[in-house]
$ cat entry.txt   # compact mmCIF, C-alpha atoms
# COMPACT_ATOMS: atom_id res chain seq x y z
CA ILE A 1 0.62 6.27 4.14
CA ASP A 2 4.41 6.07 4.02
CA ILE A 3 6.74 9.05 3.88
CA GLY A 4 10.30 8.36 2.78
CA ASP A 5 12.35 6.24 0.41
CA PRO A 6 11.06 2.64 0.57
CA GLU A 7 14.18 1.13 -1.00
CA ARG A 8 16.50 2.89 1.42
CA TYR A 9 14.29 1.91 4.35
CA ALA A 10 14.27 -1.74 3.26
CA GLU A 11 18.07 -1.75 3.09
CA GLU A 12 18.35 -0.13 6.54
CA VAL A 13 16.00 -2.77 7.98
CA ALA A 14 18.11 -5.51 6.39
CA GLN A 15 21.27 -4.03 7.91
CA TYR A 16 19.71 -3.82 11.37
CA THR A 17 18.39 -7.37 11.06
CA ARG A 18 21.90 -8.60 10.32
CA ALA A 19 23.16 -6.79 13.44
CA CYS A 20 20.49 -8.49 15.56
CA LYS A 21 21.30 -11.88 14.09
CA PHE A 22 25.02 -11.50 14.79
CA LEU A 23 24.44 -10.20 18.31
CA LYS A 24 22.29 -13.22 19.19
CA ALA A 25 24.69 -15.71 17.60
CA ALA A 26 28.04 -14.36 18.76
CA GLY A 27 27.50 -11.46 21.14
CA ALA A 28 28.16 -13.53 24.27
CA ASN A 29 31.65 -14.31 22.97
CA TYR A 30 32.49 -10.62 23.32
CA GLY A 31 30.60 -9.90 26.53
CA LEU A 32 27.65 -8.40 24.66
CA ALA A 33 24.30 -9.35 26.14
CA GLY A 34 21.02 -8.50 24.45
CA GLU A 35 18.53 -9.39 21.77
CA THR A 36 19.02 -6.23 19.70
CA PRO A 37 21.62 -3.44 19.55
CA ALA A 38 19.09 -1.27 21.40
CA ASP A 39 19.88 -3.36 24.49
CA LEU A 40 23.50 -2.19 24.38
CA ASP A 41 25.09 1.07 25.47
CA ASP A 42 27.11 3.22 23.07
CA ALA A 43 30.33 1.34 23.83
CA GLY A 44 28.61 -1.98 23.27
CA ARG A 45 27.22 -0.91 19.91
CA GLU A 46 30.65 0.34 18.86
CA LEU A 47 32.17 -2.99 19.83
CA LEU A 48 29.44 -4.87 17.96
CA SER A 49 30.26 -2.96 14.77
CA GLU A 50 33.97 -3.63 15.23
CA VAL A 51 33.76 -7.37 15.85
CA TYR A 52 31.24 -7.84 13.05
CA GLY A 53 33.56 -6.10 10.62
CA ASN A 54 36.41 -8.34 11.73
CA ASP A 55 34.39 -11.52 11.19
CA PRO A 56 34.84 -12.44 7.51
CA THR A 57 31.99 -14.96 7.45
CA ALA A 58 29.42 -12.67 9.05
CA SER A 59 30.49 -9.47 7.28
CA ALA A 60 30.29 -11.22 3.91
CA GLU A 61 26.50 -10.99 4.26
CA GLY A 62 26.70 -7.19 4.03
CA PRO A 63 27.05 -4.15 6.27
CA ILE A 64 25.15 -3.66 9.51
CA ARG A 65 23.69 -0.72 11.34
CA VAL A 66 23.43 -0.64 15.12
CA ILE A 67 20.68 1.99 15.35
CA ALA A 68 17.18 0.88 14.43
CA PRO A 69 15.91 2.71 11.32
CA ALA A 70 13.13 5.20 11.84
CA SER A 71 9.83 3.94 10.47
CA ILE A 72 8.58 5.59 7.31
CA ARG A 73 4.96 4.70 8.16
CA ALA A 74 3.13 7.98 8.77
CA GLY A 75 -0.12 6.26 9.73
CA ARG A 76 -3.47 5.21 8.39
CA LEU A 77 -6.02 7.38 6.62
CA ILE A 78 -9.60 6.28 7.21
CA ILE A 79 -11.98 8.06 4.88
CA ASP A 80 -15.74 8.24 5.34
CA LEU A 81 -17.21 8.07 1.83
CA PHE A 82 -20.27 9.97 0.60
CA GLU A 83 -22.06 7.22 -1.28
CA LYS A 84 -25.41 9.03 -1.32
CA GLU A 85 -24.09 12.16 -3.01
CA ALA A 86 -21.44 10.53 -5.21
CA PRO A 87 -22.36 6.87 -5.84
CA LYS A 88 -20.41 6.55 -9.07
CA ALA A 89 -17.28 8.33 -7.84
CA VAL A 90 -17.34 6.39 -4.57
CA ALA A 91 -17.68 3.06 -6.39
CA ASN A 92 -14.68 4.04 -8.49
CA PHE A 93 -12.67 5.11 -5.43
CA LYS A 94 -13.46 1.93 -3.50
CA ALA A 95 -12.57 -0.34 -6.41
CA LEU A 96 -9.26 1.47 -6.85
CA CYS A 97 -8.60 0.98 -3.13
CA THR A 98 -9.15 -2.78 -3.35
CA GLY A 99 -7.65 -3.32 -6.80
CA GLU A 100 -10.54 -5.64 -7.57
CA LYS A 101 -10.71 -4.63 -11.25
CA GLY A 102 -7.23 -5.97 -11.93
CA VAL A 103 -5.16 -4.72 -14.85
CA SER A 104 -6.63 -2.22 -17.29
CA LYS A 105 -7.10 -3.52 -20.82
CA GLU A 106 -6.38 -0.03 -22.14
CA SER A 107 -3.33 1.15 -20.16
CA LYS A 108 -2.09 -2.32 -19.14
CA LYS A 109 -1.62 -0.89 -15.63
CA PRO A 110 -3.20 -2.15 -12.38
CA LEU A 111 -6.29 -0.17 -11.42
CA PHE A 112 -5.05 0.02 -7.85
CA TYR A 113 -4.00 2.86 -5.56
CA LYS A 114 -1.42 0.73 -3.73
CA GLY A 115 2.02 2.17 -4.39
CA CYS A 116 0.71 5.40 -5.91
CA PRO A 117 2.61 8.52 -4.87
CA PHE A 118 1.15 11.87 -3.97
CA HIS A 119 2.86 13.65 -6.84
CA ARG A 120 1.65 17.11 -5.86
CA ILE A 121 1.59 18.51 -2.32
CA GLN A 122 1.02 22.24 -2.40
CA SER A 123 1.42 24.32 0.74
CA GLY A 124 -1.89 25.30 2.31
CA PHE A 125 -3.86 23.69 -0.47
CA VAL A 126 -3.95 19.97 -1.37
CA ALA A 127 -2.08 16.67 -1.54
CA GLN A 128 -2.89 15.10 -4.90
CA GLY A 129 -2.31 11.51 -5.95
CA GLY A 130 -4.04 8.53 -7.50
CA ASP A 131 -2.36 8.55 -10.92
CA VAL A 132 -2.52 4.78 -11.39
CA THR A 133 -1.08 4.78 -14.90
CA ARG A 134 1.91 7.15 -14.81
CA HIS A 135 2.38 8.09 -11.13
CA ASP A 136 3.33 11.66 -12.05
CA GLY A 137 0.02 13.47 -12.50
CA SER A 138 -0.06 13.18 -16.27
CA GLY A 139 -2.18 10.01 -16.32
CA GLY A 140 -5.02 8.34 -14.50
CA GLU A 141 -7.86 6.01 -15.41
CA SER A 142 -11.20 5.21 -13.81
CA ILE A 143 -12.82 1.80 -13.60
CA TYR A 144 -15.29 3.03 -16.22
CA GLY A 145 -12.64 3.93 -18.77
CA LYS A 146 -10.44 7.00 -18.90
CA LYS A 147 -12.99 9.57 -17.64
CA PHE A 148 -16.45 9.76 -16.08
CA ASN A 149 -18.93 12.53 -15.47
CA ASP A 150 -19.46 14.75 -12.44
CA GLU A 151 -22.27 14.08 -9.98
CA LYS A 152 -24.35 17.18 -9.20
CA ASP A 153 -25.04 16.46 -5.53
CA ALA A 154 -21.34 15.88 -4.85
CA LEU A 155 -20.47 19.20 -6.49
CA LYS A 156 -22.60 20.91 -3.84
CA LEU A 157 -20.43 19.63 -0.98
CA LYS A 158 -17.87 22.04 0.44
CA HIS A 159 -14.10 21.97 0.78
CA ASP A 160 -14.44 23.56 4.19
CA ALA A 161 -11.61 22.01 6.22
CA PRO A 162 -8.47 19.89 5.99
CA GLY A 163 -9.16 16.26 5.10
CA VAL A 164 -11.82 16.69 2.41
CA VAL A 165 -11.29 14.10 -0.35
CA SER A 166 -12.25 15.06 -3.88
CA MET A 167 -11.72 13.89 -7.41
CA ALA A 168 -9.06 15.81 -9.31
CA ASN A 169 -9.99 16.79 -12.85
CA SER A 170 -8.95 18.74 -15.91
CA GLY A 171 -12.33 20.41 -16.28
CA LYS A 172 -15.99 19.49 -16.31
CA ASN A 173 -16.83 15.76 -16.50
CA SER A 174 -13.18 14.62 -16.55
CA ASN A 175 -12.88 12.47 -13.41
CA SER A 176 -10.44 9.56 -13.55
CA SER A 177 -8.49 7.95 -10.70
CA GLN A 178 -6.68 11.05 -9.48
CA PHE A 179 -7.91 12.59 -6.24
CA PHE A 180 -6.77 15.14 -3.70
CA ILE A 181 -6.98 15.67 0.04
CA THR A 182 -7.33 19.25 1.26
CA LEU A 183 -4.65 20.53 3.61
CA ASP A 184 -6.76 23.55 4.59
CA LYS A 185 -10.04 25.12 3.56
CA ALA A 186 -10.20 25.27 -0.24
CA PRO A 187 -13.36 27.17 -1.25
CA GLN A 188 -11.89 27.71 -4.73
CA CYS A 189 -12.62 24.02 -5.36
CA ASP A 190 -16.32 24.26 -4.42
CA GLY A 191 -18.63 23.44 -7.30
CA LYS A 192 -15.72 22.35 -9.48
CA HIS A 193 -14.70 19.03 -7.93
CA VAL A 194 -16.73 15.97 -6.94
CA VAL A 195 -16.33 15.45 -3.18
CA VAL A 196 -16.13 11.73 -2.40
CA GLY A 197 -15.43 11.74 1.33
CA ARG A 198 -13.71 13.12 4.37
CA VAL A 199 -10.76 11.86 6.44
CA GLN A 200 -11.81 10.91 9.95
CA ALA A 201 -10.75 13.41 12.62
CA ALA A 202 -8.54 10.88 14.39
CA CYS A 203 -6.51 10.48 11.19
CA LEU A 204 -5.88 14.18 10.55
CA PRO A 205 -2.37 13.98 12.09
CA VAL A 206 -1.44 11.88 9.04
CA VAL A 207 -2.73 14.66 6.78
CA GLN A 208 -0.60 17.09 8.79
CA ALA A 209 2.44 14.85 8.26
CA MET A 210 1.74 14.90 4.53
CA ALA A 211 1.38 18.68 4.65
CA ALA A 212 4.85 18.89 6.18
CA CYS A 213 6.17 17.62 2.83
CA ALA A 214 4.49 20.41 0.86
CA SER A 215 6.13 23.14 -1.18
CA ALA A 216 4.95 26.34 -2.81
CA ASP A 217 5.14 24.84 -6.30
CA GLY A 218 3.64 21.49 -5.28
CA ALA A 219 6.78 19.35 -5.64
CA PRO A 220 6.87 17.09 -2.55
CA THR A 221 9.97 17.52 -0.38
CA ALA A 222 9.86 13.79 0.42
CA LYS A 223 8.25 10.77 -1.20
CA VAL A 224 4.68 10.33 0.10
CA TYR A 225 2.75 7.35 -1.15
CA VAL A 226 -0.02 4.83 -0.50
CA ALA A 227 1.76 1.88 1.09
CA ASP A 228 -1.42 -0.20 1.17
CA CYS A 229 -5.15 0.34 0.91
CA GLY A 230 -8.52 -1.36 1.02
CA VAL A 231 -12.09 -1.07 2.24
CA ILE A 232 -13.17 -1.66 5.83
$ encode --input "entry.txt" --output "structure tokens"
Amino acid sequence: IDIGDPERYAEEVAQYTRACKFLKAAGANYGLAGETPADLDDAGRELLSEVYGNDPTASAEGPIRVIAPASIRAGRLIIDLFEKEAPKAVANFKALCTGEKGVSKESKKPLFYKGCPFHRIQSGFVAQGGDVTRHDGSGGESIYGKKFNDEKDALKLKHDAPGVVSMANSGKNSNSSQFFITLDKAPQCDGKHVVVGRVQAACLPVVQAMAACASADGAPTAKVYVADCGVI
């Protein structure tokens, strides 16, 4: 799970990489010793910025930054899936994690969670994502077609703690690709949503980091999305 602007982060990494490259190539000419700007003190980093800017060949490659960008990687969510209670929903979830079904013939979109944002993160309730067709909560598609039916045994499972993973729906028998992760107990979802799994306890800090981006109306305060996914 990543939290932040991926394009901005990529540009910041590129800027820092240019600073490292210049330091290694020309730093010794200015009394700057180190592999990265982190090896320098404040005065050294200031000098590095100055001499880079005064070098027309180097600076033509673009601006630099002398402070390493903070990672946007929040961590990894490992989810234990309830295949016994929800075999059909779990098969759908796993296939969307691997992307093995390729591009949908109907929507022409990849049936793949990679890159999908959590478009709704509501304080004290859920983080919802998995809209593989529109990325905004208005779409979604299962590997079986647009929708598939509920599974009775999975409806009996409880939303009794943070980290419960369930299929989002628009009513009875309307499961698609969208899912949510509870941020707290959510008994109002019991009997209404197919529970497909539970986030492992060691990964709950990532859920907490996602919860920190919640708002009362559900609009995330920062971009939260699936950077990569698969089955282990």
$ closest_atom_pairs --input "entry.txt" --of "range 30-141 of chain A" --to "range 146-159 of chain A" --cutoff "8 Å" --atoms "all atoms listed in the file" --output "CSV"
residue,atom,partner,partner_atom,distance
A:Glu85,CA,A:Ala154,CA,5.0
A:Ala86,CA,A:Ala154,CA,5.4
A:Lys88,CA,A:Glu151,CA,7.8
A:Ala89,CA,A:Glu151,CA,7.9
A:Gly140,CA,A:Lys146,CA,7.1
A:Glu141,CA,A:Lys146,CA,4.5
$ residues_around --input "entry.txt" --residues "Phe118 in chain A" --least-positions-apart "2" --cutoff "8 Å" --atoms "all atoms listed in the file" --output "ChimeraX atom specification"
/A:116,120-121,127-130,220,223-226
$ write_last_selection --input "entry.txt" --atoms "C-alpha atoms" --output "PDB file, in the frame of the given file"
ATOM      1  CA  CYS A 116       0.710   5.400  -5.910  1.00  0.00           C
ATOM      2  CA  ARG A 120       1.650  17.110  -5.860  1.00  0.00           C
ATOM      3  CA  ILE A 121       1.590  18.510  -2.320  1.00  0.00           C
ATOM      4  CA  ALA A 127      -2.080  16.670  -1.540  1.00  0.00           C
ATOM      5  CA  GLN A 128      -2.890  15.100  -4.900  1.00  0.00           C
ATOM      6  CA  GLY A 129      -2.310  11.510  -5.950  1.00  0.00           C
ATOM      7  CA  GLY A 130      -4.040   8.530  -7.500  1.00  0.00           C
ATOM      8  CA  PRO A 220       6.870  17.090  -2.550  1.00  0.00           C
ATOM      9  CA  LYS A 223       8.250  10.770  -1.200  1.00  0.00           C
ATOM     10  CA  VAL A 224       4.680  10.330   0.100  1.00  0.00           C
ATOM     11  CA  TYR A 225       2.750   7.350  -1.150  1.00  0.00           C
ATOM     12  CA  VAL A 226      -0.020   4.830  -0.500  1.00  0.00           C
TER      13      VAL A 226
END
$ atom_distance --input "entry.txt" --atom1 "CA of Lys21 in chain A" --atom2 "CA of Asp228 in chain A"
28.6 Å
$ residues_around --input "entry.txt" --residues "Val206 in chain A" --least-positions-apart "4" --cutoff "8 Å" --atoms "only C-alpha atoms" --output "MDAnalysis selection string"
chainID A and resid 1 74:77 210
$ atom_distance --input "entry.txt" --atom1 "CA of Phe179 in chain A" --atom2 "CA of Ser166 in chain A"
5.5 Å
$ residues_around --input "entry.txt" --residues "Phe22 in chain A" --least-positions-apart "5" --cutoff "9 Å" --atoms "only C-alpha atoms" --output "list of chain:residue names"
A:Thr17, A:Gly27, A:Leu48, A:Tyr52, A:Ala58
$ closest_residue --input "entry.txt" --among "A:Ala161, A:Lys114, A:Ile78, A:Arg73" --to "Ile3 in chain A" --atoms "only C-alpha atoms"
A:Arg73
$ residues_around --input "entry.txt" --residues "Leu23 in chain A" --least-positions-apart "6" --cutoff "8 Å" --atoms "all atoms listed in the file" --output "MDAnalysis selection string"
chainID A and resid 32:37 48
$ write_last_selection --input "entry.txt" --atoms "C-alpha atoms" --output "mmCIF file, keeping the file's coordinate frame"
data_model
loop_
_atom_site.group_PDB
_atom_site.id
_atom_site.type_symbol
_atom_site.label_atom_id
_atom_site.label_comp_id
_atom_site.auth_asym_id
_atom_site.auth_seq_id
_atom_site.Cartn_x
_atom_site.Cartn_y
_atom_site.Cartn_z
ATOM 1 C CA LEU A 32 27.650 -8.400 24.660
ATOM 2 C CA ALA A 33 24.300 -9.350 26.140
ATOM 3 C CA GLY A 34 21.020 -8.500 24.450
ATOM 4 C CA GLU A 35 18.530 -9.390 21.770
ATOM 5 C CA THR A 36 19.020 -6.230 19.700
ATOM 6 C CA PRO A 37 21.620 -3.440 19.550
ATOM 7 C CA LEU A 48 29.440 -4.870 17.960
#
$ atom_distance --input "entry.txt" --atom1 "CA of Pro87 in chain A" --atom2 "CA of Val165 in chain A"
14.3 Å
$ closest_residue --input "entry.txt" --among "A:Ala209, A:Val126, A:Ala26, A:Ala201" --to "Asp55 in chain A" --atoms "only C-alpha atoms"
A:Ala26
$ closest_residue --input "entry.txt" --among "A:Asp39, A:Glu100, A:Asp5, A:Asp136" --to "Thr221 in chain A" --atoms "all atoms listed in the file"
A:Asp5
$ closest_residue --input "entry.txt" --among "A:Arg8, A:Lys105, A:Val51, A:Val207" --to "Ala28 in chain A" --atoms "only C-alpha atoms"
A:Val51
$ residues_around --input "entry.txt" --residues "Glu50 in chain A" --least-positions-apart "4" --cutoff "12 Å" --atoms "all atoms listed in the file" --output "list of chain:residue names"
A:Ala19, A:Phe22, A:Leu23, A:Gly27, A:Tyr30, A:Ala43, A:Gly44, A:Arg45, A:Glu46, A:Asn54, A:Asp55, A:Pro56, A:Ala58, A:Ser59, A:Pro63, A:Ile64, A:Arg65, A:Val66
